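Q: Here you go, one structure.
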Amino acid sequence: MTTMTPAPAPADTADRPAYRVTGPRVLRAEWAKLWSLRSTWITLGLSLVLLIALGAIFASTYSPGADAHGPGRDAADAVAVALGGLDFAQLAIGVLGVLIMAGEYSTGTIRSTLAAVPTRLPVLWSKVVGYGGTAFLTAGVTVFVSFFVSGRMLDGTDIALGVSSPGVVRALLGAGAYLALVGVLGVALGALIRSVAGGIGLLVTTLMLLPLLTSLLPATLRDDITPYLPSSAGGSMFALHPASDALGPGAGLAVLVGWVVLALAGAAWRLTRSDA
């Protein structure tokens, strides 16, 4: 009588380590994907160049009595001039956020991504942390560079300021935080709409068209709504001298974070409830 002995496991599987899907591993994978995209380097570089170049142009052409550039300011100051290119930079950073998420749906790579991470939500959070942190660091450094470059051109003018002047550091950090939140908003809209064109269209509508539409409302209603729009609330974060009818910097940050959280909640709901 013979006994059956189990066949040994193949060598290629017996020694294979067991891998688990963890948050840090998903974050590393999304980080690698972020910087493997050519659009990341091009779009981020474009936004930073625009911010510095336009700030320098506005500073070189400044004359007393000129209007401020950017949302949320009534009178020109050195910070407003340095951030004159912020409107263009926010579009570039927000569009890149849309591309980072919606681009995977357009190419179909989202299927393999979600197959590797069945719980799905870590993918969204990793994209938010990776791109949001990158946008904050790069934008934060750039706004300070823009301030120093334009400040050299504004020496001797009536609006010249130093980085140690009251409120300057707070305003510049607020500008970096605003751009980072716009980038996260782009990621959320990309996950919610799942279309590059649709996500960009909704982003432009949210940041630029809503203020134009509310300007058509009656004055009393317009004054009640406008401060709470994403662009208006964000503008109060980096305004050195906020308008009398604008929110304070802290309140503006809270309102903008609320908009971003709302968009992320919708993105998370759709990511978990519908197929890729």
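Going by the structure tokens order, chains are called A, B, ..., each with residues numbered from 1, while ligands are numbered from 1 in the order shown.
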Residues of segment 106-125 of chain A that have any atom at most 12 Å from an atom of segment 96-102 of chain A: could you tabulate them with the shortest-distance atom pair and the distance in Å to one decimal, using only C-alpha atoms, ordered by chain and increasing number, as a Markdown table?

A:
```
| residue | atom | partner | partner_atom | distance |
| --- | --- | --- | --- | --- |
| A:Ser106 | CA | A:Ala102 | CA | 6.4 |
| A:Thr107 | CA | A:Ala102 | CA | 8.9 |
| A:Gly108 | CA | A:Ala102 | CA | 9.9 |
| A:Thr109 | CA | A:Ala102 | CA | 10.3 |
| A:Ile110 | CA | A:Met101 | CA | 8.7 |
| A:Thr113 | CA | A:Met101 | CA | 11.2 |
| A:Val123 | CA | A:Met101 | CA | 9.6 |
| A:Leu124 | CA | A:Met101 | CA | 8.2 |
| A:Trp125 | CA | A:Met101 | CA | 11.2 |
```

Q: I'd like the neighbourhood of segment 213-218 of chain A as a list of chain:residue names, where a residue qualifies if any of its atoms comes within 12 Å (using only C-alpha atoms), though same-chain residues fewer than 6 positions away should be ignored.

A: A:Thr205, A:Thr206, A:Leu207, A:Asp224, A:Ile225, A:Thr226, A:Pro227, A:Tyr228, A:Leu229, A:Ser232

Q: Could you save those same residues with N, CA, C and O atoms as an mmCIF file, in the first residue's frame?

A:
```
data_model
loop_
_atom_site.group_PDB
_atom_site.id
_atom_site.type_symbol
_atom_site.label_atom_id
_atom_site.label_comp_id
_atom_site.auth_asym_id
_atom_site.auth_seq_id
_atom_site.Cartn_x
_atom_site.Cartn_y
_atom_site.Cartn_z
ATOM 1 N N THR A 205 -16.033 77.039 -14.602
ATOM 2 C CA THR A 205 -17.315 77.602 -14.176
ATOM 3 C C THR A 205 -17.281 77.995 -12.706
ATOM 4 O O THR A 205 -17.730 79.082 -12.321
ATOM 5 N N THR A 206 -16.731 77.118 -11.879
ATOM 6 C CA THR A 206 -16.696 77.359 -10.435
ATOM 7 C C THR A 206 -15.826 78.552 -10.082
ATOM 8 O O THR A 206 -16.206 79.394 -9.254
ATOM 9 N N LEU A 207 -14.659 78.646 -10.714
ATOM 10 C CA LEU A 207 -13.705 79.681 -10.327
ATOM 11 C C LEU A 207 -13.925 81.014 -11.035
ATOM 12 O O LEU A 207 -13.646 82.071 -10.446
ATOM 13 N N ASP A 224 -24.725 89.228 -0.585
ATOM 14 C CA ASP A 224 -24.842 88.111 0.362
ATOM 15 C C ASP A 224 -24.194 86.839 -0.165
ATOM 16 O O ASP A 224 -23.738 86.000 0.620
ATOM 17 N N ILE A 225 -24.136 86.668 -1.484
ATOM 18 C CA ILE A 225 -23.641 85.420 -2.081
ATOM 19 C C ILE A 225 -22.161 85.491 -2.442
ATOM 20 O O ILE A 225 -21.399 84.550 -2.180
ATOM 21 N N THR A 226 -21.733 86.613 -3.020
ATOM 22 C CA THR A 226 -20.385 86.710 -3.599
ATOM 23 C C THR A 226 -19.259 86.355 -2.633
ATOM 24 O O THR A 226 -18.334 85.633 -3.018
ATOM 25 N N PRO A 227 -19.267 86.803 -1.369
ATOM 26 C CA PRO A 227 -18.133 86.474 -0.488
ATOM 27 C C PRO A 227 -17.945 84.985 -0.253
ATOM 28 O O PRO A 227 -16.845 84.558 0.135
ATOM 29 N N TYR A 228 -18.991 84.184 -0.497
ATOM 30 C CA TYR A 228 -18.918 82.753 -0.199
ATOM 31 C C TYR A 228 -18.641 81.903 -1.434
ATOM 32 O O TYR A 228 -18.631 80.673 -1.352
ATOM 33 N N LEU A 229 -18.408 82.534 -2.575
ATOM 34 C CA LEU A 229 -17.989 81.791 -3.762
ATOM 35 C C LEU A 229 -16.553 81.323 -3.572
ATOM 36 O O LEU A 229 -15.761 81.968 -2.877
ATOM 37 N N SER A 232 -13.893 84.006 -4.433
ATOM 38 C CA SER A 232 -13.947 85.164 -3.532
ATOM 39 C C SER A 232 -13.424 84.799 -2.149
ATOM 40 O O SER A 232 -12.650 85.553 -1.545
#
```

Q: How far is it from atom CA of Arg38 of chain A to atom CA of Leu256 of chain A, in Å with one decimal?

A: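 Atom CA of Arg38 of chain A sits 29.2 Å away from atom CA of Leu256 of chain A.
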
Q: If you measure from atom CA of Gly85 of chain A to atom CA of Leu202 of chain A, what distance in Å do you get, rounded to one decimal?

A: 21.2 Å

Q: List every residue of segment 233-274 of chain A that DSSP, applied to the backbone, labels as helix (DSSP H, G or I), and write the result as a ChimeraX atom specification.

A: /A:233-237,249-273

Q: Can you write out the residues you just picked, keeping C-alpha atoms, as a PDB file, in the first residue's frame?

A:
```pdb
ATOM      1  CA  ALA A 233     -13.345  83.190  -0.338  1.00  0.00           C
ATOM      2  CA  GLY A 234      -9.950  82.152  -1.638  1.00  0.00           C
ATOM      3  CA  GLY A 235      -9.101  85.736  -2.586  1.00  0.00           C
ATOM      4  CA  SER A 236      -9.605  86.849   1.005  1.00  0.00           C
ATOM      5  CA  MET A 237      -6.949  84.311   2.079  1.00  0.00           C
ATOM      6  CA  PRO A 249      -8.565  85.366   5.889  1.00  0.00           C
ATOM      7  CA  GLY A 250      -9.571  82.661   8.372  1.00  0.00           C
ATOM      8  CA  ALA A 251     -13.209  82.696   7.329  1.00  0.00           C
ATOM      9  CA  GLY A 252     -12.216  82.613   3.658  1.00  0.00           C
ATOM     10  CA  LEU A 253     -10.018  79.563   4.283  1.00  0.00           C
ATOM     11  CA  ALA A 254     -12.861  77.796   6.109  1.00  0.00           C
ATOM     12  CA  VAL A 255     -15.331  78.485   3.284  1.00  0.00           C
ATOM     13  CA  LEU A 256     -12.947  77.318   0.565  1.00  0.00           C
ATOM     14  CA  VAL A 257     -12.082  74.166   2.520  1.00  0.00           C
ATOM     15  CA  GLY A 258     -15.812  73.528   2.828  1.00  0.00           C
ATOM     16  CA  TRP A 259     -16.217  73.698  -0.957  1.00  0.00           C
ATOM     17  CA  VAL A 260     -13.288  71.317  -1.460  1.00  0.00           C
ATOM     18  CA  VAL A 261     -14.579  68.870   1.160  1.00  0.00           C
ATOM     19  CA  LEU A 262     -18.001  68.906  -0.496  1.00  0.00           C
ATOM     20  CA  ALA A 263     -16.447  68.092  -3.882  1.00  0.00           C
ATOM     21  CA  LEU A 264     -14.313  65.334  -2.341  1.00  0.00           C
ATOM     22  CA  ALA A 265     -17.347  63.831  -0.631  1.00  0.00           C
ATOM     23  CA  GLY A 266     -19.156  63.633  -3.973  1.00  0.00           C
ATOM     24  CA  ALA A 267     -16.072  62.154  -5.627  1.00  0.00           C
ATOM     25  CA  ALA A 268     -15.674  59.537  -2.883  1.00  0.00           C
ATOM     26  CA  TRP A 269     -19.346  58.593  -3.107  1.00  0.00           C
ATOM     27  CA  ARG A 270     -19.212  58.077  -6.854  1.00  0.00           C
ATOM     28  CA  LEU A 271     -15.890  56.239  -6.717  1.00  0.00           C
ATOM     29  CA  THR A 272     -17.293  53.660  -4.291  1.00  0.00           C
ATOM     30  CA  ARG A 273     -20.807  53.355  -5.760  1.00  0.00           C
TER      31      ARG A 273
END
```
